[in-house]
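This is target38.pdb. It holds PDB, C-alpha atoms.
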```pdb
ATOM      1  CA  MET A  13       0.000   0.000   0.000
ATOM      2  CA  GLY A  14       1.636   3.232  -1.120
ATOM      3  CA  THR A  15       1.152   6.849  -0.213
ATOM      4  CA  LEU A  16       0.891   9.640  -2.708
ATOM      5  CA  THR A  17       2.753  12.742  -1.591
ATOM      6  CA  ALA A  18       0.677  14.566   1.003
ATOM      7  CA  PRO A  19       0.177  18.160  -0.213
ATOM      8  CA  TRP A  20       0.337  19.537   3.355
ATOM      9  CA  LYS A  21       3.665  17.850   4.099
ATOM     10  CA  GLN A  22       5.676  20.349   2.031
ATOM     11  CA  LEU A  23       3.891  23.226   3.802
ATOM     12  CA  LEU A  24       4.906  21.717   7.144
ATOM     13  CA  LEU A  25       8.507  21.093   6.080
ATOM     14  CA  SER A  26       8.747  24.695   4.799
ATOM     15  CA  ALA A  27       7.353  26.034   8.095
ATOM     16  CA  MET A  28       9.874  23.924  10.014
ATOM     17  CA  GLU A  29      12.717  25.217   7.848
ATOM     18  CA  SER A  30      11.725  28.886   8.159
ATOM     19  CA  ASN A  31      11.376  28.515  11.958
ATOM     20  CA  ALA A  32      14.399  26.221  12.465
ATOM     21  CA  HIS A  33      16.340  28.882  14.388
ATOM     22  CA  SER A  34      13.659  28.745  17.137
ATOM     23  CA  LYS A  35      14.290  25.763  19.406
ATOM     24  CA  HIS A  36      10.608  25.522  20.266
ATOM     25  CA  SER A  37       9.692  24.828  16.616
ATOM     26  CA  SER A  38      10.343  21.106  17.168
ATOM     27  CA  PHE A  39       7.730  20.907  19.952
ATOM     28  CA  PHE A  40       3.991  20.444  19.483
ATOM     29  CA  GLN A  41       0.973  19.459  21.543
ATOM     30  CA  LEU A  42      -0.453  15.950  21.388
ATOM     31  CA  ALA A  43      -4.060  15.532  22.478
ATOM     32  CA  THR A  44      -5.563  12.141  23.246
ATOM     33  CA  ILE A  45      -8.870  11.029  24.726
ATOM     34  CA  GLY A  46      -8.671  10.098  28.395
ATOM     35  CA  SER A  47     -10.344   6.939  29.680
ATOM     36  CA  ASN A  48     -12.818   9.292  31.406
ATOM     37  CA  GLY A  49     -13.801  10.745  28.005
ATOM     38  CA  ARG A  50     -12.065  14.067  28.653
ATOM     39  CA  PRO A  51      -9.315  15.519  26.474
ATOM     40  CA  SER A  52      -5.750  14.952  27.637
ATOM     41  CA  ASN A  53      -2.987  17.165  26.246
ATOM     42  CA  ARG A  54       0.796  17.433  26.542
ATOM     43  CA  THR A  55       3.828  18.825  24.712
ATOM     44  CA  VAL A  56       5.993  16.332  22.838
ATOM     45  CA  VAL A  57       9.015  16.476  20.525
ATOM     46  CA  TYR A  58       8.873  15.937  16.767
ATOM     47  CA  ARG A  59      11.090  12.962  15.853
ATOM     48  CA  GLY A  60      10.650  13.027  12.082
ATOM     49  CA  PHE A  61       8.514  11.340   9.494
ATOM     50  CA  VAL A  62       8.572   7.615   8.917
ATOM     51  CA  GLU A  63      10.699   7.252   5.788
ATOM     52  CA  ASP A  64       8.849   7.964   2.514
ATOM     53  CA  SER A  65       5.533   8.643   4.257
ATOM     54  CA  ASP A  66       3.420  11.303   5.935
ATOM     55  CA  LYS A  67       3.424   9.462   9.297
ATOM     56  CA  ILE A  68       4.803  11.492  12.221
ATOM     57  CA  GLN A  69       7.037   9.916  14.892
ATOM     58  CA  ILE A  70       6.961  10.716  18.628
ATOM     59  CA  ASN A  71       9.051   9.101  21.372
ATOM     60  CA  THR A  72       7.430   8.395  24.730
ATOM     61  CA  ASP A  73       7.625   6.301  27.871
ATOM     62  CA  SER A  74       5.515   3.128  27.701
ATOM     63  CA  ARG A  75       4.619   3.706  31.370
ATOM     64  CA  SER A  76       3.021   7.113  30.696
ATOM     65  CA  ARG A  77      -0.716   7.753  30.854
ATOM     66  CA  LYS A  78      -0.941   8.524  27.131
ATOM     67  CA  ILE A  79      -0.232   4.862  26.305
ATOM     68  CA  GLU A  80      -3.304   3.647  28.212
ATOM     69  CA  GLU A  81      -5.331   6.434  26.608
ATOM     70  CA  LEU A  82      -4.195   5.426  23.114
ATOM     71  CA  LYS A  83      -4.949   1.764  23.823
ATOM     72  CA  HIS A  84      -8.440   2.843  24.922
ATOM     73  CA  SER A  85      -8.879   5.075  21.838
ATOM     74  CA  PRO A  86      -6.125   5.178  19.187
ATOM     75  CA  PHE A  87      -7.136   8.579  17.801
ATOM     76  CA  ALA A  88      -5.202  11.760  18.533
ATOM     77  CA  GLU A  89      -4.543  15.245  17.243
ATOM     78  CA  ILE A  90      -1.391  17.312  17.255
ATOM     79  CA  CYS A  91      -1.342  21.095  17.208
ATOM     80  CA  TRP A  92       1.824  22.748  15.983
ATOM     81  CA  TYR A  93       2.232  26.523  15.927
ATOM     82  CA  PHE A  94       5.197  28.258  14.312
ATOM     83  CA  THR A  95       5.668  31.666  15.922
ATOM     84  CA  ASP A  96       7.792  33.345  13.234
ATOM     85  CA  SER A  97       5.716  32.382  10.196
ATOM     86  CA  TRP A  98       2.370  32.509  12.071
ATOM     87  CA  GLU A  99       1.342  29.069  10.810
ATOM     88  CA  GLN A 100      -0.692  26.470  12.664
ATOM     89  CA  PHE A 101      -1.048  22.800  11.729
ATOM     90  CA  ARG A 102      -3.649  20.594  13.403
ATOM     91  CA  VAL A 103      -3.013  17.005  12.343
ATOM     92  CA  SER A 104      -5.531  14.289  13.256
ATOM     93  CA  GLY A 105      -5.245  10.568  12.832
ATOM     94  CA  LYS A 106      -4.759   7.158  14.327
ATOM     95  CA  VAL A 107      -1.704   6.423  16.468
ATOM     96  CA  ASP A 108       0.220   3.163  16.314
ATOM     97  CA  VAL A 109       1.846   2.317  19.669
ATOM     98  CA  ILE A 110       5.126   0.491  19.019
ATOM     99  CA  ASP A 111       6.481  -0.841  22.304
ATOM    100  CA  VAL A 112       8.702  -3.815  23.123
ATOM    101  CA  SER A 113       5.744  -6.231  22.792
ATOM    102  CA  ASN A 114       4.868  -5.247  19.207
ATOM    103  CA  PRO A 115       4.746  -8.428  17.077
ATOM    104  CA  ASP A 116       5.782  -6.710  13.805
ATOM    105  CA  PRO A 117       9.573  -7.037  13.197
ATOM    106  CA  VAL A 118       9.559  -4.081  10.748
ATOM    107  CA  LYS A 119       7.980  -1.823  13.382
ATOM    108  CA  LEU A 120      10.420  -3.060  16.036
ATOM    109  CA  GLU A 121      13.276  -2.240  13.663
ATOM    110  CA  GLU A 122      11.890   1.299  13.235
ATOM    111  CA  ARG A 123      11.626   1.606  17.053
ATOM    112  CA  GLU A 124      15.297   0.656  17.339
ATOM    113  CA  LYS A 125      16.323   3.066  14.573
ATOM    114  CA  VAL A 126      14.545   5.959  16.348
ATOM    115  CA  TRP A 127      16.124   4.918  19.673
ATOM    116  CA  PHE A 128      19.646   5.193  18.278
ATOM    117  CA  ALA A 129      18.781   8.518  16.568
ATOM    118  CA  SER A 130      17.970   9.978  20.019
ATOM    119  CA  SER A 131      20.612  11.613  22.193
ATOM    120  CA  LEU A 132      22.060   9.676  25.122
ATOM    121  CA  LYS A 133      20.488  12.221  27.488
ATOM    122  CA  SER A 134      17.075  11.595  25.918
ATOM    123  CA  ARG A 135      17.532   7.818  26.202
ATOM    124  CA  MET A 136      18.476   8.108  29.888
ATOM    125  CA  GLN A 137      15.023   9.435  30.802
ATOM    126  CA  TYR A 138      13.556   5.980  30.158
ATOM    127  CA  LEU A 139      15.590   4.565  33.051
ATOM    128  CA  GLY A 140      13.963   6.893  35.605
ATOM    129  CA  PRO A 141      11.047   6.158  37.900
ATOM    130  CA  ASN A 142       7.527   5.657  36.519
ATOM    131  CA  PRO A 143       6.145   8.949  35.188
ATOM    132  CA  GLY A 144       3.023  10.369  36.814
ATOM    133  CA  VAL A 145       3.308   8.580  40.157
ATOM    134  CA  PRO A 146       4.175  10.260  43.476
ATOM    135  CA  CYS A 147       7.866  11.008  43.837
ATOM    136  CA  LEU A 148       9.377   8.864  46.580
ATOM    137  CA  SER A 149      12.937  10.065  46.204
ATOM    138  CA  GLU A 150      14.858  12.791  44.445
ATOM    139  CA  GLN A 151      17.700  10.362  43.795
ATOM    140  CA  THR A 152      18.138   9.178  40.239
ATOM    141  CA  HIS A 153      21.938   9.053  40.272
ATOM    142  CA  GLY A 154      23.696   5.793  39.700
ATOM    143  CA  LEU A 155      21.727   5.040  36.525
ATOM    144  CA  SER A 156      23.855   4.077  33.577
ATOM    145  CA  LEU A 157      23.141   3.121  30.013
ATOM    146  CA  ASP A 158      25.249   1.273  27.467
ATOM    147  CA  SER A 159      25.122   3.636  24.464
ATOM    148  CA  SER A 160      25.405   0.688  22.057
ATOM    149  CA  ALA A 161      22.524  -1.277  23.635
ATOM    150  CA  GLY A 162      19.127  -1.323  21.962
ATOM    151  CA  PRO A 163      15.934   0.267  23.282
ATOM    152  CA  VAL A 164      15.104  -0.228  26.947
ATOM    153  CA  TYR A 165      11.746  -1.721  27.953
ATOM    154  CA  ALA A 166      10.127   1.659  28.738
ATOM    155  CA  PHE A 167      10.957   3.195  25.332
ATOM    156  CA  CYS A 168       7.945   3.461  23.049
ATOM    157  CA  LEU A 169       7.575   4.869  19.550
ATOM    158  CA  LEU A 170       4.275   6.480  18.599
ATOM    159  CA  VAL A 171       3.457   6.831  14.908
ATOM    160  CA  LEU A 172       0.616   9.185  13.978
ATOM    161  CA  ASP A 173      -0.949   8.279  10.627
ATOM    162  CA  PRO A 174      -2.720  11.490   9.568
ATOM    163  CA  ASP A 175      -6.146  11.427   7.964
ATOM    164  CA  GLN A 176      -7.002  15.126   8.340
ATOM    165  CA  VAL A 177      -4.904  18.290   8.469
ATOM    166  CA  ASP A 178      -6.150  21.800   9.200
ATOM    167  CA  TYR A 179      -3.646  24.443   8.052
ATOM    168  CA  LEU A 180      -3.974  28.086   9.116
ATOM    169  CA  ASN A 181      -1.664  30.880   7.986
ATOM    170  CA  LEU A 182      -2.362  34.022  10.023
ATOM    171  CA  LYS A 183      -0.040  36.207   7.920
ATOM    172  CA  SER A 184      -1.886  35.520   4.672
ATOM    173  CA  ASN A 185      -5.247  34.899   6.393
ATOM    174  CA  GLU A 186      -5.491  31.566   4.572
ATOM    175  CA  ARG A 187      -6.941  28.304   5.863
ATOM    176  CA  LEU A 188      -6.975  24.934   4.139
ATOM    177  CA  THR A 189      -8.227  21.521   5.197
ATOM    178  CA  TYR A 190      -6.725  18.337   3.820
ATOM    179  CA  THR A 191      -8.573  15.030   4.058
ATOM    180  CA  SER A 192      -7.309  11.582   3.085
ATOM    181  CA  LYS A 193      -9.179   8.653   1.627
ATOM    182  CA  GLN A 194      -8.025   5.296   0.345
ATOM    183  CA  SER A 195      -8.223   4.833  -3.409
ATOM    184  CA  ILE A 196      -9.338   1.575  -5.018
ATOM    185  CA  ASN A 197      -5.712   0.386  -5.343
ATOM    186  CA  GLY A 198      -4.965   1.065  -1.652
ATOM    187  CA  GLU A 199      -3.126   4.378  -2.098
ATOM    188  CA  LYS A 200      -3.752   7.169   0.395
ATOM    189  CA  CYS A 201      -5.138  10.124  -1.569
ATOM    190  CA  TRP A 202      -5.458  13.669  -0.211
ATOM    191  CA  THR A 203      -8.034  16.279  -1.156
ATOM    192  CA  SER A 204      -7.866  19.915  -0.069
ATOM    193  CA  GLU A 205     -10.412  22.635   0.427
ATOM    194  CA  ARG A 206      -9.947  26.335   1.126
ATOM    195  CA  ILE A 207     -12.134  27.398   4.044
ATOM    196  CA  ASN A 208     -12.722  30.611   5.980
ATOM    197  CA  PRO A 209     -10.115  31.288   8.680
TER
END
```
Please go through the file and, once you have read it, give me the structure as structure tokens.
Amino acid sequence: MGTLTAPWKQLLLSAMESNAHSKHSSFFQLATIGSNGRPSNRTVVYRGFVEDSDKIQINTDSRSRKIEELKHSPFAEICWYFTDSWEQFRVSGKVDVIDVSNPDPVKLEEREKVWFASSLKSRMQYLGPNPGVPCLSEQTHGLSLDSSAGPVYAFCLLVLDPDQVDYLNLKSNERLTYTSKQSINGEKCWTSERINP
């Protein structure tokens, strides 16, 4: 199953390039649906696109609350605002949770590839105590990680497969929505529509 080039992807890559000097341009918000039915939102780091696709990668801790939320409902939306170019991207879709128990060897290979692409400091955070539980001790020293070892148990790769993108450019006062559908031959096809901002 192939993917035709997503027309919004070049807009996003251009926004990233024109805002690259701002460190915060690689951060966006990821909203999931809590098990209580309420929205749950947090800031995450962009880790790239899955090669030759429009799927967005996010690293996370498999012990975090968002994993249970995504297992309950696999749908999420990211909101990415670029302060210099005044562009906002809201990207909705289904999230694939790729943890150590994933049965697909290709996905596990991608998880490992993303692990090694992360800094050692970033990898160390997965050795810490469980996120979101009461802090019993301030001590996290003494943890060590073999930089050549593969992903630790707590490391999880999230892959957002977009099906809708809402693009807003506040400088040009332009807003477009992009929606994907599967064609007869299994390709992902995108349509766009200009809408009022």
task = Given the file shown, determine the residues that the PyMOL selection byres ((chain A and resi 54) around 7) selects; report them as a ChimeraX atom specification.
result = /A:41-43,53,55-56
Residue members of the PyMOL selection byres ((chain A and resi 143) around 10) in the file shown, as a PDB file with C-alpha atoms, in the coordinates of the input:
```pdb
ATOM      1  CA  ASP A  73       7.625   6.301  27.871  1.00  0.00           C
ATOM      2  CA  SER A  74       5.515   3.128  27.701  1.00  0.00           C
ATOM      3  CA  ARG A  75       4.619   3.706  31.370  1.00  0.00           C
ATOM      4  CA  SER A  76       3.021   7.113  30.696  1.00  0.00           C
ATOM      5  CA  ARG A  77      -0.716   7.753  30.854  1.00  0.00           C
ATOM      6  CA  GLN A 137      15.023   9.435  30.802  1.00  0.00           C
ATOM      7  CA  TYR A 138      13.556   5.980  30.158  1.00  0.00           C
ATOM      8  CA  GLY A 140      13.963   6.893  35.605  1.00  0.00           C
ATOM      9  CA  PRO A 141      11.047   6.158  37.900  1.00  0.00           C
ATOM     10  CA  ASN A 142       7.527   5.657  36.519  1.00  0.00           C
ATOM     11  CA  GLY A 144       3.023  10.369  36.814  1.00  0.00           C
ATOM     12  CA  VAL A 145       3.308   8.580  40.157  1.00  0.00           C
ATOM     13  CA  PRO A 146       4.175  10.260  43.476  1.00  0.00           C
ATOM     14  CA  CYS A 147       7.866  11.008  43.837  1.00  0.00           C
TER      15      CYS A 147
END
```
- Translate the PyMOL selection byres ((chain A and resi 63) around 12), as applied to the file shown, into an explicit residue set as an MDAnalysis selection string. chainID A and resid 15 59:62 64:69 122 125:126 171
Output C-alpha atoms of each residue in that selection to a file, as a compact mmCIF listing (two decimals), keeping the file's coordinate frame.
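The new file selection-v7.txt reads:
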```
# COMPACT_ATOMS: atom_id res chain seq x y z
CA THR A 15 1.15 6.85 -0.21
CA ARG A 59 11.09 12.96 15.85
CA GLY A 60 10.65 13.03 12.08
CA PHE A 61 8.51 11.34 9.49
CA VAL A 62 8.57 7.62 8.92
CA ASP A 64 8.85 7.96 2.51
CA SER A 65 5.53 8.64 4.26
CA ASP A 66 3.42 11.30 5.94
CA LYS A 67 3.42 9.46 9.30
CA ILE A 68 4.80 11.49 12.22
CA GLN A 69 7.04 9.92 14.89
CA GLU A 122 11.89 1.30 13.24
CA LYS A 125 16.32 3.07 14.57
CA VAL A 126 14.54 5.96 16.35
CA VAL A 171 3.46 6.83 14.91
```
Inset, instruction - Kindly provide, as an NGL selection string, the polymer residues lying within 10 Å of (20.5, 7.5, 24.7), counting only C-alpha atoms and using the coordinates exactly as they appear in the file. - result: :A and (127-138 or 157-164)
What is the CA of Thr95 in chain A-CA of Leu25 in chain A distance in Å, reported with one decimal?
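Straight-line distance from CA of Thr95 in chain A to CA of Leu25 in chain A works out to 14.7 Å.
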Exercise. Would you work out the distance separating CA of Asp175 in chain A from CA of Trp202 in chain A, expressed in Å to one decimal?
Key: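 Pair CA of Asp175 in chain A / CA of Trp202 in chain A returns 8.5 Å.
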Margin query: Measuring between all atoms listed in the file, which one of A:Ser156, A:Gln176, A:Thr191, A:Ser30 shows the shortest distance to Gly105 in chain A?
Written below: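 Distance minimum relative to Gly105 in chain A lands on A:Gln176.
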Name the residues in contact with Cys91 in chain A at a cut-off of 8 Å, using all atoms listed in the file, excluding same-chain residues fewer than 5 positions from it; report them as a ChimeraX atom specification.
-> /A:40-42,100-103
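All residues that come within 12 Å of the coordinates (-4.5, 8.6, -4.1), counting all atoms listed in the file, are given as Met13, Gly14, Thr15, Leu16, Thr17, Ala18, Pro19, Thr191, Ser192, Lys193, Gln194, Ser195, Ile196, Asn197, Gly198, Glu199, Lys200, Cys201, Trp202 and Thr203 of chain A.
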Could you work out how far CA of Thr72 in chain A lies from CA of Tyr165 in chain A, giving the answer in Å with one decimal?
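So the answer is 11.5 Å.
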- prompt: Which neighbours of Val107 in chain A fall inside 8 Å, counting only C-alpha atoms, when residues of the same chain fewer than 6 positions from it are skipped, and could you give them as a PyMOL selection string?
  reply: chain A and resi 82+86-88+170-173
Min atom-atom distance to Glu29 in chain A from the set A:Ile110, A:Phe94, A:Lys78, A:Glu205, counting only C-alpha atoms, belongs to A:Phe94
Nearest to Ser26 in chain A, restricted to only C-alpha atoms and choosing among A:Gly49, A:Asn71, A:Ser97, A:Ser38, comes out as A:Ser97
Requested in this report: For each of A:Leu155, A:Leu169, A:Val177, A:Leu188, take the minimum atom-to-atom distance to Ser104 in chain A, counting all atoms listed in the file, then give the residue where this is smallest.
Outcome: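 Among the listed residues, the smallest separation from Ser104 in chain A belongs to A:Val177.
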Original post:
Pick from A:Thr189, A:Ser113, A:Ser34, A:Gln22: nearest to Ser204 in chain A, with all atoms listed in the file counted?
Top reply: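 Counting all atoms listed in the file, the residue closest to Ser204 in chain A is A:Thr189.
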Exercise. Which is closer to Pro51 in chain A than all the others in A:Phe39, A:Glu89, A:Tyr179, A:Asp116, using all atoms listed in the file?
Worked result: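 Of all the options, A:Glu89 lies closest to Pro51 in chain A.
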Is it possible to get the axis-aligned box enclosing range 42-56 of chain A (all listed atoms, 5 Å extra per side) as AutoDock Vina command-line options, with centre and edge lengths in Å rounded to one decimal?
```
--center_x -3.9 --center_y 12.9 --center_z 26.4 --size_x 29.8 --size_y 21.9 --size_z 20.0
```
